[in-house]
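Engineer: Quick one: the structure is below, and I'll ask about it shortly.
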Amino acid sequence: MSRRAAASVATCLLLLGIASIAFPDRSARARQAPANPNQLAAKVERAPLNLVPAERYLLPGLLQPLREVRILTPHDGIVRSLPLALGSAVREGQEVGRMDETDARIRSKIAEARIRLETSDVERIRDGLARGDRSKSDAQAAEARVEIAKLEHELLQNELFRCILHAPFAGRISAIPVSAGQFLMKGSTVLEIADLATLRAFVPVDRTAVQVGGKLNVLVEGRGVAADVRALLPLPETHAVLRELAAPMALAVVEIANADNSLEPGRRVVGPHLPTTPIASVASYAIKQDDQGEPLVQVIRAERVVNVPIRVVGALGPDRSQVTGLFRPSDALIQSSSVPLVPGTFIRFEDAPAAAGVEAVAPPSNLYGESAVVGGRAPGRPGSVPAVPTVPTYTPPPTKPATKPATKGFVPF
């Protein structure tokens, strides 16, 4: 190679080196910065949400009468009449039924005749005592027989009175399992009467939020009602599933005043502490507060940040909490982020590198999560920049309608 050619090669290499210093590799710079100027790289720690449906813990109570009695037959006999229909209101002491009283009336008349017989015997003995042919003990025995006859008559009068069935208190007839003319054994149920002035229910509640003697707002089939807490009982086995909740649940005995009879027994009662939205277990540091101080968590929903208001059920440990909110099965919990995230922020996570789970550059020790591109605002807001480029849809070119070539010499009709 000549000396002139060698000098030219050296000059070219020198110029290439200067150009490489002045203009670094743009591909590496492109990998470090997002393509959209409205986006930035951030660290976002996400976690899946394992949701438990709220229906699993929906165990409502039922309204029950505070007092309910069964009217029984006092003896074997036939039901003579039942004048009131099912559901009728009754007063205290009102007649609600009548048994056949023929036998009781006859026995009462027999007792009355026995009283007259024993009374006449006492008079005869007293006359004999005055003449001296009867002793004083005979007179005392006759008087005792009269007293016994009177007591027997009183018992039969009570039996005759019990043939007429009366309401023990004001209420409503809740059941009539028999019919008039039916023969019943002693102790059989004729009807049931319930006192609806006060109703009672057993409602699951958070033990730490309820006090005996206090008030509790409950929902009676969607209607808010104030109830009085009379007692707190341990959860029975029928409510064992509520022990899965982090809150210390108990069974409250509540009473509801019903003077206007607007409530009916059998209606569902739900306390304020049963979850009505899905349950999830989250990291405690993922729980934030809104401007009013109410708790919330942020989730990724359709690649957008969404604030979900929650209610903290209880603590599962020093760093885990059980919450309930309007979650969706596809939501991903945002546990932490290196930048503040406002609702509607677009989030797109980068693809995993070739070495699975290993990042090219170690992140700072105080940042957790995966590399993500954060930017853009909620769609439709003024000044928003589309974070994801839209793919133009293919529109085929318009086609001309096919025309039949004209035939020479052809004249249409």
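Simple scheme: letters A, B, ... for chains in structure tokens order, numbers from 1 for residues in each chain, numbers from 1 for ligands in the order shown.
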As a PDB file with C-alpha atoms, in the first residue's frame, list the residues of segment 51-193 of chain A assigned to strand (DSSP E or B) by DSSP on the backbone atoms of this structure.

Structural biologist:
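The file below, part.pdb, is the result:
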```pdb
ATOM      1  CA  VAL A  52     -63.671 -14.206  47.997  1.00  0.00           C
ATOM      2  CA  GLY A  61     -81.021 -12.901  60.685  1.00  0.00           C
ATOM      3  CA  LEU A  62     -84.796 -13.248  60.668  1.00  0.00           C
ATOM      4  CA  GLN A  64     -89.145 -13.135  65.199  1.00  0.00           C
ATOM      5  CA  PRO A  65     -91.914 -12.162  67.636  1.00  0.00           C
ATOM      6  CA  LEU A  66     -90.636 -11.318  71.065  1.00  0.00           C
ATOM      7  CA  ARG A  67     -93.532 -13.344  72.573  1.00  0.00           C
ATOM      8  CA  GLU A  68     -95.337 -16.248  70.952  1.00  0.00           C
ATOM      9  CA  VAL A  69     -97.611 -18.799  72.649  1.00  0.00           C
ATOM     10  CA  ARG A  70     -99.501 -21.890  71.599  1.00  0.00           C
ATOM     11  CA  ILE A  71    -103.087 -22.308  72.795  1.00  0.00           C
ATOM     12  CA  LEU A  72    -103.515 -25.970  73.828  1.00  0.00           C
ATOM     13  CA  GLY A  77    -112.564 -33.201  73.109  1.00  0.00           C
ATOM     14  CA  ILE A  78    -113.903 -31.715  69.906  1.00  0.00           C
ATOM     15  CA  VAL A  79    -113.074 -28.213  68.663  1.00  0.00           C
ATOM     16  CA  ARG A  80    -116.514 -26.634  68.522  1.00  0.00           C
ATOM     17  CA  SER A  81    -115.646 -23.270  66.903  1.00  0.00           C
ATOM     18  CA  ALA A  89    -105.527  -9.207  65.381  1.00  0.00           C
ATOM     19  CA  VAL A  90    -106.754 -10.083  68.876  1.00  0.00           C
ATOM     20  CA  GLU A  95    -112.224 -15.422  72.818  1.00  0.00           C
ATOM     21  CA  VAL A  96    -110.291 -17.132  70.003  1.00  0.00           C
ATOM     22  CA  GLY A  97    -111.840 -20.622  70.102  1.00  0.00           C
ATOM     23  CA  ARG A  98    -114.217 -22.924  71.936  1.00  0.00           C
ATOM     24  CA  MET A  99    -114.064 -26.625  72.819  1.00  0.00           C
ATOM     25  CA  ILE A 164    -113.467 -21.255  76.015  1.00  0.00           C
ATOM     26  CA  LEU A 165    -110.002 -20.379  74.639  1.00  0.00           C
ATOM     27  CA  HIS A 166    -108.799 -16.809  75.330  1.00  0.00           C
ATOM     28  CA  GLY A 171    -101.252  -9.861  69.221  1.00  0.00           C
ATOM     29  CA  ARG A 172    -101.995 -11.670  65.990  1.00  0.00           C
ATOM     30  CA  ILE A 173    -102.990 -15.231  65.176  1.00  0.00           C
ATOM     31  CA  SER A 174     -99.940 -16.704  63.453  1.00  0.00           C
ATOM     32  CA  ALA A 175    -101.052 -20.338  63.016  1.00  0.00           C
ATOM     33  CA  PHE A 183    -111.245 -34.252  67.829  1.00  0.00           C
ATOM     34  CA  LEU A 184    -108.045 -33.455  69.733  1.00  0.00           C
ATOM     35  CA  THR A 189    -102.170 -27.131  69.643  1.00  0.00           C
ATOM     36  CA  VAL A 190    -105.309 -25.302  68.551  1.00  0.00           C
ATOM     37  CA  LEU A 191    -103.689 -22.029  67.401  1.00  0.00           C
ATOM     38  CA  GLU A 192    -100.665 -19.783  67.939  1.00  0.00           C
ATOM     39  CA  ILE A 193    -100.649 -16.111  68.901  1.00  0.00           C
TER      40      ILE A 193
END
```

Engineer: Write out as a list in words which residues come within 7 Å of Asp206 of chain A when counting only C-alpha atoms, dropping same-chain ones fewer than 3 positions away.

Structural biologist: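 In the requested format, the answer is Ala209, Val210, Ala247, Pro248, Met249, Ala250 and His273 of chain A.
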
Engineer: Write the residues of the selection above to a file with all heavy atoms, as an mmCIF file, in the first residue's frame.

Structural biologist:
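Saved the output as out_29.cif:
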```
data_model
loop_
_atom_site.group_PDB
_atom_site.id
_atom_site.type_symbol
_atom_site.label_atom_id
_atom_site.label_comp_id
_atom_site.auth_asym_id
_atom_site.auth_seq_id
_atom_site.Cartn_x
_atom_site.Cartn_y
_atom_site.Cartn_z
ATOM 1 N N ALA A 209 -67.374 -3.325 67.932
ATOM 2 C CA ALA A 209 -68.108 -2.126 67.513
ATOM 3 C C ALA A 209 -69.504 -2.050 68.112
ATOM 4 O O ALA A 209 -70.234 -1.098 67.815
ATOM 5 C CB ALA A 209 -68.205 -2.072 65.989
ATOM 6 N N VAL A 210 -69.890 -3.014 68.943
ATOM 7 C CA VAL A 210 -71.253 -3.073 69.481
ATOM 8 C C VAL A 210 -71.180 -3.239 70.992
ATOM 9 O O VAL A 210 -70.327 -3.975 71.502
ATOM 10 C CB VAL A 210 -72.045 -4.234 68.837
ATOM 11 C CG1 VAL A 210 -73.422 -4.340 69.458
ATOM 12 C CG2 VAL A 210 -72.165 -4.020 67.330
ATOM 13 N N ALA A 247 -62.358 -9.668 61.435
ATOM 14 C CA ALA A 247 -63.047 -9.006 62.546
ATOM 15 C C ALA A 247 -63.556 -10.039 63.541
ATOM 16 O O ALA A 247 -64.000 -11.117 63.147
ATOM 17 C CB ALA A 247 -64.209 -8.177 62.009
ATOM 18 N N PRO A 248 -63.518 -9.730 64.840
ATOM 19 C CA PRO A 248 -64.070 -10.657 65.852
ATOM 20 C C PRO A 248 -65.589 -10.628 65.825
ATOM 21 O O PRO A 248 -66.218 -9.741 66.406
ATOM 22 C CB PRO A 248 -63.506 -10.124 67.170
ATOM 23 C CG PRO A 248 -63.273 -8.666 66.907
ATOM 24 C CD PRO A 248 -62.906 -8.535 65.453
ATOM 25 N N MET A 249 -66.189 -11.590 65.161
ATOM 26 C CA MET A 249 -67.635 -11.602 64.972
ATOM 27 C C MET A 249 -68.337 -12.256 66.159
ATOM 28 O O MET A 249 -67.810 -13.172 66.784
ATOM 29 C CB MET A 249 -67.997 -12.330 63.682
ATOM 30 C CG MET A 249 -67.349 -11.761 62.433
ATOM 31 S SD MET A 249 -67.816 -10.048 62.115
ATOM 32 C CE MET A 249 -69.554 -10.244 61.692
ATOM 33 N N ALA A 250 -69.529 -11.764 66.448
ATOM 34 C CA ALA A 250 -70.385 -12.317 67.499
ATOM 35 C C ALA A 250 -71.826 -12.247 67.013
ATOM 36 O O ALA A 250 -72.124 -11.668 65.963
ATOM 37 C CB ALA A 250 -70.214 -11.556 68.809
ATOM 38 N N HIS A 273 -72.016 -4.909 59.645
ATOM 39 C CA HIS A 273 -70.641 -5.396 59.641
ATOM 40 C C HIS A 273 -70.421 -6.593 58.718
ATOM 41 O O HIS A 273 -69.295 -7.069 58.602
ATOM 42 C CB HIS A 273 -70.221 -5.769 61.070
ATOM 43 C CG HIS A 273 -70.405 -4.652 62.046
ATOM 44 N ND1 HIS A 273 -71.019 -4.807 63.273
ATOM 45 C CD2 HIS A 273 -70.097 -3.334 61.952
ATOM 46 C CE1 HIS A 273 -71.058 -3.653 63.903
ATOM 47 N NE2 HIS A 273 -70.510 -2.744 63.127
#
```

Engineer: Which is closer to Asp195 of chain A than all the others in A:Gly214, A:Glu221, A:Pro168, A:Ile176, using only C-alpha atoms?

Structural biologist: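 Counting only C-alpha atoms, the residue closest to Asp195 of chain A is A:Pro168.
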
Engineer: Taking only C-alpha atoms into account, which of A:Gln298, A:Gln211, A:Gln322, A:Ser284 comes nearest Ile334 of chain A?

Structural biologist: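 Closest candidate: A:Gln298.
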
Engineer: Restricting the calculation to only C-alpha atoms: of A:Ile310, A:Leu63, A:Ala180, A:Leu216, which residue gets closest to Pro265 of chain A?

Structural biologist: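 Among the listed residues, the smallest separation from Pro265 of chain A belongs to A:Leu63.
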
Engineer: Pick from A:Val306, A:Val253, A:Val297, A:Leu199: nearest to Arg267 of chain A, with only C-alpha atoms counted?

Structural biologist: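 Looking only at the distances to Arg267 of chain A, the closest residue turns out to be A:Leu199.
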
Engineer: Using backbone DSSP assignments, extract all helix (DSSP H, G or I) residues from segment 184-251 of chain A; output them as a short mmCIF file (atom, residue, chain, number, x, y, z; two decimals) with all heavy atoms, in the first residue's frame.

Structural biologist:
```cif
data_model
loop_
_atom_site.label_atom_id
_atom_site.label_comp_id
_atom_site.auth_asym_id
_atom_site.auth_seq_id
_atom_site.Cartn_x
_atom_site.Cartn_y
_atom_site.Cartn_z
N ARG A 207 -67.82 -7.63 67.29
CA ARG A 207 -67.95 -7.52 68.74
C ARG A 207 -67.35 -6.22 69.27
O ARG A 207 -67.84 -5.64 70.25
CB ARG A 207 -67.26 -8.72 69.41
CG ARG A 207 -67.37 -8.74 70.93
CD ARG A 207 -66.59 -9.91 71.50
NE ARG A 207 -67.20 -11.16 71.11
CZ ARG A 207 -68.16 -11.77 71.79
NH1 ARG A 207 -68.62 -11.21 72.90
NH2 ARG A 207 -68.65 -12.92 71.40
N THR A 208 -66.28 -5.74 68.65
CA THR A 208 -65.62 -4.54 69.14
C THR A 208 -66.39 -3.26 68.82
O THR A 208 -66.10 -2.21 69.38
CB THR A 208 -64.21 -4.43 68.54
OG1 THR A 208 -64.32 -4.36 67.11
CG2 THR A 208 -63.38 -5.64 68.91
N ALA A 209 -67.37 -3.32 67.93
CA ALA A 209 -68.11 -2.13 67.51
C ALA A 209 -69.50 -2.05 68.11
O ALA A 209 -70.23 -1.10 67.82
CB ALA A 209 -68.21 -2.07 65.99
N GLU A 237 -72.41 -22.80 65.51
CA GLU A 237 -71.79 -23.55 64.42
C GLU A 237 -72.45 -23.24 63.08
O GLU A 237 -71.83 -23.40 62.03
CB GLU A 237 -71.85 -25.05 64.71
CG GLU A 237 -70.89 -25.49 65.79
CD GLU A 237 -69.45 -25.10 65.49
OE1 GLU A 237 -69.00 -25.33 64.34
OE2 GLU A 237 -68.78 -24.55 66.37
N THR A 238 -73.70 -22.82 63.10
CA THR A 238 -74.35 -22.45 61.84
C THR A 238 -73.71 -21.21 61.21
O THR A 238 -73.90 -20.96 60.02
CB THR A 238 -75.85 -22.19 62.08
OG1 THR A 238 -75.99 -21.20 63.12
CG2 THR A 238 -76.54 -23.47 62.50
N HIS A 239 -72.97 -20.44 61.99
CA HIS A 239 -72.29 -19.24 61.50
C HIS A 239 -70.77 -19.40 61.55
O HIS A 239 -70.04 -18.41 61.62
CB HIS A 239 -72.70 -18.01 62.32
CG HIS A 239 -74.14 -17.63 62.17
ND1 HIS A 239 -75.18 -18.43 62.58
CD2 HIS A 239 -74.73 -16.51 61.66
CE1 HIS A 239 -76.33 -17.83 62.34
NE2 HIS A 239 -76.09 -16.67 61.77
N ALA A 240 -70.28 -20.63 61.51
CA ALA A 240 -68.84 -20.86 61.64
C ALA A 240 -68.05 -20.23 60.51
O ALA A 240 -66.87 -19.89 60.69
CB ALA A 240 -68.56 -22.36 61.71
N VAL A 241 -68.64 -20.05 59.33
CA VAL A 241 -67.91 -19.47 58.20
C VAL A 241 -67.49 -18.04 58.49
O VAL A 241 -66.49 -17.55 57.93
CB VAL A 241 -68.79 -19.55 56.93
CG1 VAL A 241 -69.98 -18.62 57.04
CG2 VAL A 241 -67.98 -19.21 55.69
N LEU A 242 -68.17 -17.34 59.39
CA LEU A 242 -67.81 -15.96 59.70
C LEU A 242 -66.50 -15.86 60.46
O LEU A 242 -65.93 -14.77 60.57
CB LEU A 242 -68.93 -15.30 60.51
CG LEU A 242 -70.27 -15.13 59.80
CD1 LEU A 242 -71.27 -14.45 60.72
CD2 LEU A 242 -70.11 -14.35 58.51
N ARG A 243 -66.00 -16.99 60.97
CA ARG A 243 -64.70 -16.97 61.64
C ARG A 243 -63.56 -16.78 60.65
O ARG A 243 -62.42 -16.55 61.06
CB ARG A 243 -64.51 -18.27 62.43
CG ARG A 243 -65.53 -18.44 63.56
CD ARG A 243 -65.16 -19.58 64.48
NE ARG A 243 -66.15 -19.73 65.56
CZ ARG A 243 -67.12 -20.61 65.56
NH1 ARG A 243 -67.24 -21.45 64.54
NH2 ARG A 243 -67.99 -20.69 66.55
N GLU A 244 -63.83 -16.88 59.36
CA GLU A 244 -62.80 -16.60 58.35
C GLU A 244 -62.52 -15.10 58.24
O GLU A 244 -61.48 -14.71 57.71
CB GLU A 244 -63.24 -17.14 56.99
CG GLU A 244 -63.43 -18.65 56.96
CD GLU A 244 -63.93 -19.13 55.61
OE1 GLU A 244 -64.06 -18.29 54.69
OE2 GLU A 244 -64.21 -20.33 55.47
#
```

Engineer: In Å to one decimal, how far is atom CA of Leu316 of chain A from atom CA of Arg328 of chain A?

Structural biologist: 21.8 Å

Engineer: Quick one: residues within 9 Å of Leu274 of chain A, only C-alpha atoms counted, chain neighbours fewer than 5 positions away excluded, as a tab-separated table (two decimals) with all heavy atoms, in the first residue's frame?

Structural biologist:
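Generated file (selection25.tsv):
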```tsv
chain	number	residue	atom	x	y	z
A	54	ALA	N	-68.66	-12.05	48.49
A	54	ALA	CA	-69.32	-11.66	49.74
A	54	ALA	C	-70.49	-12.57	50.08
A	54	ALA	O	-70.88	-12.67	51.25
A	54	ALA	CB	-69.81	-10.21	49.64
A	57	TYR	N	-70.41	-15.00	53.06
A	57	TYR	CA	-70.60	-14.55	54.43
A	57	TYR	C	-71.95	-13.88	54.65
A	57	TYR	O	-72.17	-13.29	55.71
A	57	TYR	CB	-69.49	-13.56	54.80
A	57	TYR	CG	-68.11	-14.10	54.50
A	57	TYR	CD1	-67.37	-13.60	53.43
A	57	TYR	CD2	-67.55	-15.11	55.26
A	57	TYR	CE1	-66.11	-14.08	53.14
A	57	TYR	CE2	-66.30	-15.61	54.97
A	57	TYR	CZ	-65.58	-15.09	53.91
A	57	TYR	OH	-64.33	-15.58	53.63
A	58	LEU	N	-72.84	-13.96	53.68
A	58	LEU	CA	-74.16	-13.34	53.82
A	58	LEU	C	-75.07	-14.28	54.60
A	58	LEU	O	-75.72	-15.16	54.04
A	58	LEU	CB	-74.74	-13.02	52.44
A	58	LEU	CG	-76.04	-12.20	52.44
A	58	LEU	CD1	-75.83	-10.88	53.15
A	58	LEU	CD2	-76.52	-11.98	51.02
A	59	LEU	N	-75.11	-14.09	55.90
A	59	LEU	CA	-75.94	-14.90	56.80
A	59	LEU	C	-76.87	-13.96	57.56
A	59	LEU	O	-76.61	-13.56	58.69
A	59	LEU	CB	-75.07	-15.70	57.78
A	59	LEU	CG	-74.10	-16.71	57.15
A	59	LEU	CD1	-73.22	-17.32	58.22
A	59	LEU	CD2	-74.89	-17.79	56.42
A	60	PRO	N	-77.96	-13.56	56.93
A	60	PRO	CA	-78.86	-12.61	57.61
A	60	PRO	C	-79.64	-13.27	58.72
A	60	PRO	O	-79.85	-14.49	58.74
A	60	PRO	CB	-79.78	-12.15	56.47
A	60	PRO	CG	-79.80	-13.32	55.53
A	60	PRO	CD	-78.44	-13.95	55.60
A	204	PRO	N	-75.33	-11.16	63.07
A	204	PRO	CA	-73.87	-11.19	63.21
A	204	PRO	C	-73.31	-9.76	63.19
A	204	PRO	O	-73.64	-8.96	62.32
A	204	PRO	CB	-73.40	-11.99	61.99
A	204	PRO	CG	-74.61	-12.73	61.52
A	204	PRO	CD	-75.78	-11.86	61.85
A	205	VAL	N	-72.44	-9.46	64.15
A	205	VAL	CA	-71.86	-8.12	64.27
A	205	VAL	C	-70.39	-8.24	64.65
A	205	VAL	O	-69.91	-9.30	65.07
A	205	VAL	CB	-72.60	-7.26	65.32
A	205	VAL	CG1	-74.04	-7.01	64.92
A	205	VAL	CG2	-72.54	-7.93	66.71
A	206	ASP	N	-69.68	-7.12	64.51
A	206	ASP	CA	-68.31	-7.00	65.01
A	206	ASP	C	-68.38	-6.73	66.50
A	206	ASP	O	-68.93	-5.71	66.94
A	206	ASP	CB	-67.60	-5.87	64.27
A	206	ASP	CG	-66.12	-5.76	64.64
A	206	ASP	OD1	-65.71	-6.39	65.63
A	206	ASP	OD2	-65.39	-5.03	63.95
A	242	LEU	N	-68.17	-17.34	59.39
A	242	LEU	CA	-67.81	-15.96	59.70
A	242	LEU	C	-66.50	-15.86	60.46
A	242	LEU	O	-65.93	-14.77	60.57
A	242	LEU	CB	-68.93	-15.30	60.51
A	242	LEU	CG	-70.27	-15.13	59.80
A	242	LEU	CD1	-71.27	-14.45	60.72
A	242	LEU	CD2	-70.11	-14.35	58.51
```

Engineer: With distances taken over only C-alpha atoms, which residue among A:Ile148, A:Leu156, A:Val203, A:Val270 lies nearest Leu219 of chain A?

Structural biologist: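 Under the stated criterion, the closest residue is A:Val270.
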